[in-house]
Amino acid sequence: MAKKSTATSSASVATIHDQKLHRGEGGELHQRAEDGAPVLTTAQGGPVADDQNTLRVGARGPALIDDFHFREKIFHFDHERIPERVVHARGYGAHGFFETYESLAAYTRADLFQRAGERTPAFVRFSTVAGSKGSADLARDVRGFAVKMYTKEGNWDLVGNNIPVFFIQDAIKFPDLIHAAKPEPDRAFPQAQTAHDTFWDFISLTPESMNMVMWIMSDRTIPRSFRFMEGFGVHTFRFVNAKDESTFVKFHWKPKLGLQSVAWNEAVKINGADPDFHRRDLWQSIQSGNFPEWELQVQLFDQAFADSFDFDILDPTKIIPEEILPPHPVARLVLDRMPDNFFAETEQVAFMTQNVPPGIDFSNDPLLQGRNFSYLDTQLKRLGGPNFTHLPINAPKCPFHTFQQDGHMAMRNPVGRANYQPNSFGEGPRESPAQGYRHFSAEEQGPKVRLRPESFADHYSQARQFFISQTPPEQSHIAAALIFELSKVQTPTIRERMVSHVMNIDEALASKVAHGLGFKSMPKPADAAMPTRQDLEPSPALSIVERGPKRFEGRKLGILATDGADVRVFTAVLDNLTKQKAVFEVIAPKVAGVTMSDGSWVEAHQMIDGGPSVLYDAVALIVSTNGVADLLKEATARDFVADAFTHCKFIGYVPDAIPLLEKAGIAGDLDEGTIELKDKESVAAFFEEVGKLRVWAREPTVGSFGG
Ligand code: HDE
């Protein structure tokens with residue numbers, strides 16, 4: 001028996017049936033539904049009558065091949081995915097501008113550096129390296145910091161990382177490094193983690209990675225936000241001026257709000273509570289008008305400095321300490337607009353190290369040279385054809401004229417008859433020796449060899465320098481991170497080999513790690529091509545804590561509130577937050593909100609389960625006697641306080657919150673970071689302190705929270 005068809009789509013179909021057709025100004029047919037919304041069409045522009053049901057023989061019969069709308073819709077959906085980036089798959093981008101402080105004409109003829117105040121549109125994509133597109137933001141990983149500047153002389157892509165050194169010295173090792181770091185091929189795990197055998201196997205067999213190992217085991221790989229991390233061009237580049245004189249240059253991005261990282265114990269919890277923590281942070285800050293800003297600083301040096309420096313300036317596993325060669329601020333980068341569409345912009349943006357305008361050139365860094373070769377290939381694969389430069393996010397914003405034509409998805413071809421040059425039709429663009437890109441004519445001569453320079457052979461001295469430049473809590477995090485990562489390595493010889501390298505870096509660190517891993521005896525130090533230098537001075541610029549903000553600006557306070565909470569304290573807290581240009585979220589037993597002591601209503605942002613304290617830089621407990629009695633029954637309320645304390649955060653609390661401090665087991669351990677909030681003065685005192693972000697002195701008393 002035939003069943004009656006259901007009228008699931010009657011409302012929408014009726015609306016579309018009633019549509020009116022209008023002729024637009026240009027004479028084209030504009031179709032509008034009653035409610036003013038544009039009419040749904042196929043990709044061919046044909047209006048669609050029913051988007052709820054496929055075309056069938058009878059209500060319960062087979063589907064018909066006539067249904068071109070269904071066919072097109074599903075076909076397009078089936079092809080929505082493009083290959084994810086082989087590295088840096090998970091990323092998040094934003095638009096902004098780059099503004100030059102002063103003319104750098106003495107060093108470079110690049111147009112964007114000629115005039116003070118010159119603004120150049122920019123797009124930035126931040127990323128993790130190892131994880132897939134859907135991995136969590138707080139993986140322990142290097143962060144990509146790729147900047148595309150749409151200059152008047154073509155795009156300049158500064159494709160950097162948040163760490164100024166790299167694992168390897170030669171691009172030919174890159175596939176090995178990445179294979180080793182990615183999920184193991186037979187089992188396809190672990191995702192977005194270096195804590196596994198193959199990674200540490202490769203690393204422990206690659207002594208040149210030791211400086212980078214110190215950096216990745218530090219809190220640099222678990223940044224609090226993209227907004228609070230540095231960026232580095234890594235390689236030595238060249239500036240070239242109008243007289244064709246070259247100056248070596250290293251590029252550094254310095255966040256205006258200072259550096260900040262989370263703790264490893266926080267990172268693992270953040271990944272569960274909000275895997276999009278970094279994305280959300282950037283989104284929220286830009287959408288609320290708090291535009292993140294970095295300063296571009298450059299280290300400039302000549303050949304004489306390069307010759308006299310302790311290490312080879314072409315070696316990408318080395319830095320030039322800022323204390324030896326201070327960087328100069330030359331410009332700022334402000335991110336002030338989110339993309340309209342993630343895929344069209346952030347996913348399809350194609351960065352290429354070889355995109356440089358006249359006046360910026362390459363050094364012979366073998367990693368940079370290899371990258372210049374790689375990035376074009378990868379875009380072809382990922383974006384499917386040579387015309388990826390036609391996509392708006394990749395196209396230059398200055399006029400451009402080529403004789404390139406055709407190919408997949410050609411959006412524009414040269415016009416006219418002559419698509420070549422020279423031609424005698426007087427058509428098309430011509431090269432310009434005066435304005436065009438001139439490569440710096442460095443003298444190069446030598447035999448064809450596969451040889452690593454001896455000047456690249458010191459693998460441990462700068463690793464040691466990095467370690468001794470850290471504050472005690474940061475050093476202990478490096479030790480804890482090494483212990484954690486190596487504890488996930490199942491092959492004991494790999495663990496031992498790794499510790500044998502650490503012995504060449506710092507013996508005390510090595511024995512701490514060996515102890516943490518339960519070694520019965522210390523391994524022999526790894527064979528080193530060169531002995532570790534003990535004379536390199538610590539560089540305070542390498543410490544995150546030393547580069548901390550000392551203020552709460554741009555940070556987020558988590559306010560745990562209940563019905564009956566003291567409105568005077570709450571208002572004073574909000575006043576101080578506004579003064580400090582910081583933000584907050586209210587966390588309450590119910591997400592709707594709370595009734596304050598004066599009967600006023602405050603909306604909550606999170607219920608307790610959804611807003612653990614790991615999501616905030618500091619917390620305030622503004623609760624009432626009745627409210628706290630209810631909170632004592634919530635395990636998450638106890639964790640909120642206990643975690644904030646363990647993570648060395650500042651905790652402001654009203655006297656009524658004391659039972660909750662007791663429940664969290666910290667009432668007997670209150671210190672200078674736990675501050676009572678009673679009135680305006682005590683709230684102000686809390687905000688005097690909170691800019692320090694962490695009470696590091698507490699860490700030894702709560703026990704290590706991991707590196
Ligand atoms: Fe990359 N890298 N890389 N890399 N890299 C890519 O290009 C490569 C290296 C960096 O947000 C790929 O478009 C080689 C150093 C960032 O879209 C690929 C070598 C640094 C991004 C590629 C390196 C980076 C990439 C993959 C060794 C820091 C993301 C997708 C010689 C200075 C850009 C893509 C974005 C992306 C190759 C080493 C930074 C395969 C061969 C060193 C930030 O072309």
# chains A, B, ... in the order shown; residues from 1 in each chain; ligands from 1
$ closest_atom_pairs --of "chain A" --to "ligand 1" --cutoff "6 Å" --atoms "only C-alpha atoms and all ligand atoms" --output "tab-separated table"
residue	atom	partner	partner_atom_place_in_ligand_line	distance
A:Arg85	CA	ligand 1	30 (C)	4.4
A:Val86	CA	ligand 1	26 (C)	5.2
A:Val87	CA	ligand 1	26 (C)	4.8
A:His88	CA	ligand 1	29 (C)	4.9
A:Arg125	CA	ligand 1	11 (O)	4.7
A:Phe126	CA	ligand 1	11 (O)	5.9
A:Ser127	CA	ligand 1	11 (O)	6.0
A:Gly144	CA	ligand 1	43 (C)	3.5
A:Phe145	CA	ligand 1	43 (C)	4.9
A:Ala146	CA	ligand 1	43 (C)	4.7
A:Val159	CA	ligand 1	43 (C)	4.9
A:Gly160	CA	ligand 1	32 (C)	3.8
A:Asn161	CA	ligand 1	28 (C)	4.5
A:Phe166	CA	ligand 1	42 (C)	5.4
A:Ala171	CA	ligand 1	31 (C)	3.6
A:Phe174	CA	ligand 1	27 (C)	4.9
A:Gly233	CA	ligand 1	32 (C)	5.3
A:Val234	CA	ligand 1	32 (C)	4.9
A:Ala350	CA	ligand 1	13 (O)	5.5
A:Phe351	CA	ligand 1	17 (O)	5.4
A:Leu367	CA	ligand 1	31 (C)	4.3
A:Gly370	CA	ligand 1	31 (C)	4.8
A:Arg371	CA	ligand 1	31 (C)	4.5
A:Ser374	CA	ligand 1	44 (O)	4.8
A:Tyr375	CA	ligand 1	44 (O)	3.7
A:Thr378	CA	ligand 1	44 (O)	5.0
A:Gln379	CA	ligand 1	13 (O)	5.9
$ residues_around --residues "region 440-447 of chain A" --least-positions-apart "3" --cutoff "8 Å" --atoms "only C-alpha atoms" --output "PDB file with N, CA and C atoms, in the first residue's frame"
ATOM      1  N   VAL A 240      69.342  44.345   0.632  1.00  0.00           N
ATOM      2  CA  VAL A 240      70.203  44.876  -0.429  1.00  0.00           C
ATOM      3  C   VAL A 240      69.692  46.273  -0.774  1.00  0.00           C
ATOM      4  N   ASP A 244      73.203  48.256  -4.440  1.00  0.00           N
ATOM      5  CA  ASP A 244      73.499  46.819  -4.483  1.00  0.00           C
ATOM      6  C   ASP A 244      74.461  46.380  -3.385  1.00  0.00           C
ATOM      7  N   SER A 246      75.004  44.753   0.321  1.00  0.00           N
ATOM      8  CA  SER A 246      74.235  43.786   1.114  1.00  0.00           C
ATOM      9  C   SER A 246      74.549  43.900   2.606  1.00  0.00           C
ATOM     10  N   ASP A 361      66.869  39.493   0.067  1.00  0.00           N
ATOM     11  CA  ASP A 361      67.496  38.387  -0.665  1.00  0.00           C
ATOM     12  C   ASP A 361      67.865  37.273   0.316  1.00  0.00           C
TER      13      ASP A 361
END
$ select_by_dssp --residues "region 95-153 of chain A" --states "strand (DSSP E)" --output "list in words"
His95, Gly96, Phe97, Phe98, Glu99, Thr100, Arg119, Thr120, Pro121, Ala122, Phe123, Val124, Arg125, Phe126, Ser127, Thr128, Arg143, Gly144, Phe145, Ala146, Val147, Lys148, Met149, Tyr150 and Thr151 of chain A
$ write_last_selection --atoms "N, CA and C atoms" --output "PDB file, in the first residue's frame"
ATOM      1  N   HIS A  95      43.854  38.937   9.159  1.00  0.00           N
ATOM      2  CA  HIS A  95      44.363  40.045   8.343  1.00  0.00           C
ATOM      3  C   HIS A  95      44.835  41.187   9.235  1.00  0.00           C
ATOM      4  N   GLY A  96      45.678  42.021   8.666  1.00  0.00           N
ATOM      5  CA  GLY A  96      46.113  43.196   9.412  1.00  0.00           C
ATOM      6  C   GLY A  96      46.992  44.059   8.534  1.00  0.00           C
ATOM      7  N   PHE A  97      47.835  44.822   9.177  1.00  0.00           N
ATOM      8  CA  PHE A  97      48.755  45.672   8.408  1.00  0.00           C
ATOM      9  C   PHE A  97      50.123  45.714   9.068  1.00  0.00           C
ATOM     10  N   PHE A  98      51.088  46.046   8.221  1.00  0.00           N
ATOM     11  CA  PHE A  98      52.478  46.159   8.629  1.00  0.00           C
ATOM     12  C   PHE A  98      52.845  47.621   8.442  1.00  0.00           C
ATOM     13  N   GLU A  99      53.435  48.247   9.474  1.00  0.00           N
ATOM     14  CA  GLU A  99      53.698  49.683   9.388  1.00  0.00           C
ATOM     15  C   GLU A  99      55.154  49.970   9.710  1.00  0.00           C
ATOM     16  N   THR A 100      55.839  50.551   8.752  1.00  0.00           N
ATOM     17  CA  THR A 100      57.261  50.845   8.900  1.00  0.00           C
ATOM     18  C   THR A 100      57.457  52.065   9.812  1.00  0.00           C
ATOM     19  N   ARG A 119      52.135  51.856   5.269  1.00  0.00           N
ATOM     20  CA  ARG A 119      51.333  50.696   5.695  1.00  0.00           C
ATOM     21  C   ARG A 119      51.181  49.701   4.563  1.00  0.00           C
ATOM     22  N   THR A 120      51.402  48.458   4.876  1.00  0.00           N
ATOM     23  CA  THR A 120      51.310  47.392   3.885  1.00  0.00           C
ATOM     24  C   THR A 120      50.295  46.366   4.399  1.00  0.00           C
ATOM     25  N   PRO A 121      49.294  45.996   3.600  1.00  0.00           N
ATOM     26  CA  PRO A 121      48.349  44.983   4.073  1.00  0.00           C
ATOM     27  C   PRO A 121      49.067  43.654   4.322  1.00  0.00           C
ATOM     28  N   ALA A 122      48.599  42.914   5.320  1.00  0.00           N
ATOM     29  CA  ALA A 122      49.286  41.661   5.680  1.00  0.00           C
ATOM     30  C   ALA A 122      48.264  40.592   6.050  1.00  0.00           C
ATOM     31  N   PHE A 123      48.665  39.348   5.888  1.00  0.00           N
ATOM     32  CA  PHE A 123      47.864  38.219   6.372  1.00  0.00           C
ATOM     33  C   PHE A 123      48.816  37.283   7.112  1.00  0.00           C
ATOM     34  N   VAL A 124      48.393  36.836   8.297  1.00  0.00           N
ATOM     35  CA  VAL A 124      49.261  35.985   9.113  1.00  0.00           C
ATOM     36  C   VAL A 124      48.565  34.659   9.361  1.00  0.00           C
ATOM     37  N   ARG A 125      49.307  33.573   9.262  1.00  0.00           N
ATOM     38  CA  ARG A 125      48.755  32.271   9.639  1.00  0.00           C
ATOM     39  C   ARG A 125      49.658  31.646  10.697  1.00  0.00           C
ATOM     40  N   PHE A 126      49.057  31.370  11.864  1.00  0.00           N
ATOM     41  CA  PHE A 126      49.756  30.663  12.939  1.00  0.00           C
ATOM     42  C   PHE A 126      49.400  29.184  12.826  1.00  0.00           C
ATOM     43  N   SER A 127      50.319  28.321  13.255  1.00  0.00           N
ATOM     44  CA  SER A 127      50.019  26.895  13.098  1.00  0.00           C
ATOM     45  C   SER A 127      50.808  26.063  14.090  1.00  0.00           C
ATOM     46  N   THR A 128      50.336  24.810  14.277  1.00  0.00           N
ATOM     47  CA  THR A 128      51.208  23.811  14.895  1.00  0.00           C
ATOM     48  C   THR A 128      51.841  23.045  13.748  1.00  0.00           C
ATOM     49  N   ARG A 143      55.324  26.458  16.900  1.00  0.00           N
ATOM     50  CA  ARG A 143      54.235  27.160  16.226  1.00  0.00           C
ATOM     51  C   ARG A 143      54.775  27.851  14.978  1.00  0.00           C
ATOM     52  N   GLY A 144      54.053  27.675  13.869  1.00  0.00           N
ATOM     53  CA  GLY A 144      54.379  28.435  12.665  1.00  0.00           C
ATOM     54  C   GLY A 144      53.920  29.869  12.834  1.00  0.00           C
ATOM     55  N   PHE A 145      54.642  30.799  12.244  1.00  0.00           N
ATOM     56  CA  PHE A 145      54.322  32.230  12.319  1.00  0.00           C
ATOM     57  C   PHE A 145      54.614  32.765  10.916  1.00  0.00           C
ATOM     58  N   ALA A 146      53.639  32.576  10.022  1.00  0.00           N
ATOM     59  CA  ALA A 146      53.865  32.899   8.609  1.00  0.00           C
ATOM     60  C   ALA A 146      53.166  34.212   8.277  1.00  0.00           C
ATOM     61  N   VAL A 147      53.918  35.146   7.728  1.00  0.00           N
ATOM     62  CA  VAL A 147      53.381  36.488   7.445  1.00  0.00           C
ATOM     63  C   VAL A 147      53.496  36.767   5.947  1.00  0.00           C
ATOM     64  N   LYS A 148      52.367  37.134   5.357  1.00  0.00           N
ATOM     65  CA  LYS A 148      52.374  37.538   3.944  1.00  0.00           C
ATOM     66  C   LYS A 148      52.134  39.038   3.900  1.00  0.00           C
ATOM     67  N   MET A 149      53.075  39.752   3.324  1.00  0.00           N
ATOM     68  CA  MET A 149      52.911  41.202   3.211  1.00  0.00           C
ATOM     69  C   MET A 149      52.709  41.549   1.733  1.00  0.00           C
ATOM     70  N   TYR A 150      51.571  42.201   1.458  1.00  0.00           N
ATOM     71  CA  TYR A 150      51.209  42.498   0.071  1.00  0.00           C
ATOM     72  C   TYR A 150      51.846  43.837  -0.297  1.00  0.00           C
ATOM     73  N   THR A 151      53.126  43.821  -0.614  1.00  0.00           N
ATOM     74  CA  THR A 151      53.831  45.086  -0.845  1.00  0.00           C
ATOM     75  C   THR A 151      53.536  45.615  -2.252  1.00  0.00           C
TER      76      THR A 151
END
$ closest_residue --among "A:Ala242, A:Ala572, A:Ala457, A:Ala635" --to "Pro358 (chain A)" --atoms "only C-alpha atoms"
A:Ala242
$ closest_atom_pairs --of "region 647-682 of chain A" --to "region 626-631 of chain A" --cutoff "10 Å" --atoms "only C-alpha atoms" --output "tab-separated table"
residue	atom	partner	partner_atom	distance
A:Asp656	CA	A:Val628	CA	7.2
A:Ala657	CA	A:Val628	CA	6.3
A:Ile658	CA	A:Val628	CA	8.7
A:Pro659	CA	A:Val628	CA	7.2
A:Leu660	CA	A:Val628	CA	6.6
A:Lys663	CA	A:Leu631	CA	9.8
$ residues_around --residues "Leu300 (chain A)" --least-positions-apart "4" --cutoff "7 Å" --atoms "only C-alpha atoms" --output "PDB file with N, CA and C atoms, in the first residue's frame"
ATOM      1  N   THR A 247      73.512  43.756   3.433  1.00  0.00           N
ATOM      2  CA  THR A 247      73.673  43.654   4.889  1.00  0.00           C
ATOM      3  C   THR A 247      72.929  42.399   5.315  1.00  0.00           C
ATOM      4  N   PHE A 248      73.562  41.584   6.140  1.00  0.00           N
ATOM      5  CA  PHE A 248      72.839  40.408   6.638  1.00  0.00           C
ATOM      6  C   PHE A 248      71.771  40.840   7.628  1.00  0.00           C
ATOM      7  N   VAL A 249      70.659  40.088   7.645  1.00  0.00           N
ATOM      8  CA  VAL A 249      69.569  40.462   8.544  1.00  0.00           C
ATOM      9  C   VAL A 249      68.872  39.215   9.081  1.00  0.00           C
ATOM     10  N   LYS A 250      68.557  39.264  10.370  1.00  0.00           N
ATOM     11  CA  LYS A 250      67.702  38.242  10.989  1.00  0.00           C
ATOM     12  C   LYS A 250      66.448  38.943  11.487  1.00  0.00           C
TER      13      LYS A 250
END
$ closest_residue --among "A:Met217, A:Ala667, A:Ala192, A:Leu64" --to "Gln475 (chain A)" --atoms "only C-alpha atoms"
A:Met217
$ select_by_dssp --residues "region 491-677 of chain A" --states "alpha helix (DSSP H)" --output "PyMOL selection string"
chain A and resi 492-505+507-517+567-579+625-631+635-646+658-663
$ residues_around --residues "Asp679 (chain A)" --least-positions-apart "6" --cutoff "12 Å" --atoms "only C-alpha atoms" --output "list in words"
Asp566, Val567, Arg568, Val569, Phe570, Thr571, Ala572, Val573, Ile622, Gly652, Tyr653, Val654, Pro655, Ala685 and Phe686 of chain A
$ write_last_selection --atoms "C-alpha atoms" --output "PDB file, in the first residue's frame"
ATOM      1  CA  ASP A 566      29.055  40.644  46.876  1.00  0.00           C
ATOM      2  CA  VAL A 567      28.232  43.144  44.142  1.00  0.00           C
ATOM      3  CA  ARG A 568      30.699  45.754  45.463  1.00  0.00           C
ATOM      4  CA  VAL A 569      33.637  43.411  45.085  1.00  0.00           C
ATOM      5  CA  PHE A 570      32.358  42.273  41.691  1.00  0.00           C
ATOM      6  CA  THR A 571      32.027  45.858  40.440  1.00  0.00           C
ATOM      7  CA  ALA A 572      35.472  46.780  41.745  1.00  0.00           C
ATOM      8  CA  VAL A 573      36.932  43.777  39.924  1.00  0.00           C
ATOM      9  CA  ILE A 622      33.151  35.907  44.430  1.00  0.00           C
ATOM     10  CA  GLY A 652      41.412  36.503  44.684  1.00  0.00           C
ATOM     11  CA  TYR A 653      38.704  35.359  47.094  1.00  0.00           C
ATOM     12  CA  VAL A 654      35.978  36.850  49.235  1.00  0.00           C
ATOM     13  CA  PRO A 655      35.935  35.648  52.880  1.00  0.00           C
ATOM     14  CA  ALA A 685      45.927  45.277  45.700  1.00  0.00           C
ATOM     15  CA  PHE A 686      45.000  42.058  43.878  1.00  0.00           C
TER      16      PHE A 686
END
$ atom_distance --atom1 "CA of Leu621 (chain A)" --atom2 "CA of Arg280 (chain A)"
24.0 Å
$ residues_around --residues "Ala273 (chain A)" --least-positions-apart "2" --cutoff "12 Å" --atoms "only C-alpha atoms" --output "list in words"
Ala136, Asp137, Leu138, Glu266, Ala267, Val268, Lys269, Ile270, Asn271, Pro275, Asp276, Phe277, Gln606, Ile608, Asp609, Gly610, Gly611, Pro612, Ser613, Val614, Leu615 and Tyr616 of chain A
$ decode --residues "region 69-111 of chain A" --atoms "C-alpha atoms" --output "compact mmCIF listing (two decimals), in the first residue's frame"
# COMPACT_ATOMS: atom_id res chain seq x y z
CA HIS A 69 20.50 19.93 -8.51
CA PHE A 70 21.06 16.91 -6.27
CA ARG A 71 23.86 15.62 -8.53
CA GLU A 72 25.66 18.97 -8.49
CA LYS A 73 25.18 19.45 -4.74
CA ILE A 74 26.56 16.05 -3.79
CA PHE A 75 29.34 16.20 -6.39
CA HIS A 76 30.57 19.47 -4.94
CA PHE A 77 30.32 18.21 -1.38
CA ASP A 78 32.30 15.07 -2.27
CA HIS A 79 35.12 17.31 -3.43
CA GLU A 80 35.17 19.78 -0.52
CA ARG A 81 38.43 18.56 0.94
CA ILE A 82 41.86 19.44 -0.39
CA PRO A 83 45.02 17.74 0.88
CA GLU A 84 45.95 19.15 4.23
CA ARG A 85 49.40 20.68 4.51
CA VAL A 86 51.97 17.94 5.03
CA VAL A 87 53.28 20.01 7.92
CA HIS A 88 51.58 22.95 9.69
CA ALA A 89 48.16 21.48 8.83
CA ARG A 90 46.37 23.06 11.77
CA GLY A 91 46.43 26.79 11.49
CA TYR A 92 44.51 29.96 12.11
CA GLY A 93 44.89 33.25 10.30
CA ALA A 94 43.99 36.91 10.44
CA HIS A 95 44.36 40.04 8.34
CA GLY A 96 46.11 43.20 9.41
CA PHE A 97 48.75 45.67 8.41
CA PHE A 98 52.48 46.16 8.63
CA GLU A 99 53.70 49.68 9.39
CA THR A 100 57.26 50.84 8.90
CA TYR A 101 58.65 53.10 11.67
CA GLU A 102 61.41 54.77 9.68
CA SER A 103 63.15 54.57 6.33
CA LEU A 104 65.62 51.68 6.01
CA ALA A 105 66.81 52.92 2.62
CA ALA A 106 70.43 52.73 3.80
CA TYR A 107 70.06 48.96 4.07
CA THR A 108 67.36 47.87 1.67
CA ARG A 109 65.67 49.15 -1.41
CA ALA A 110 62.49 47.21 -0.57
CA ASP A 111 59.68 49.70 -1.15
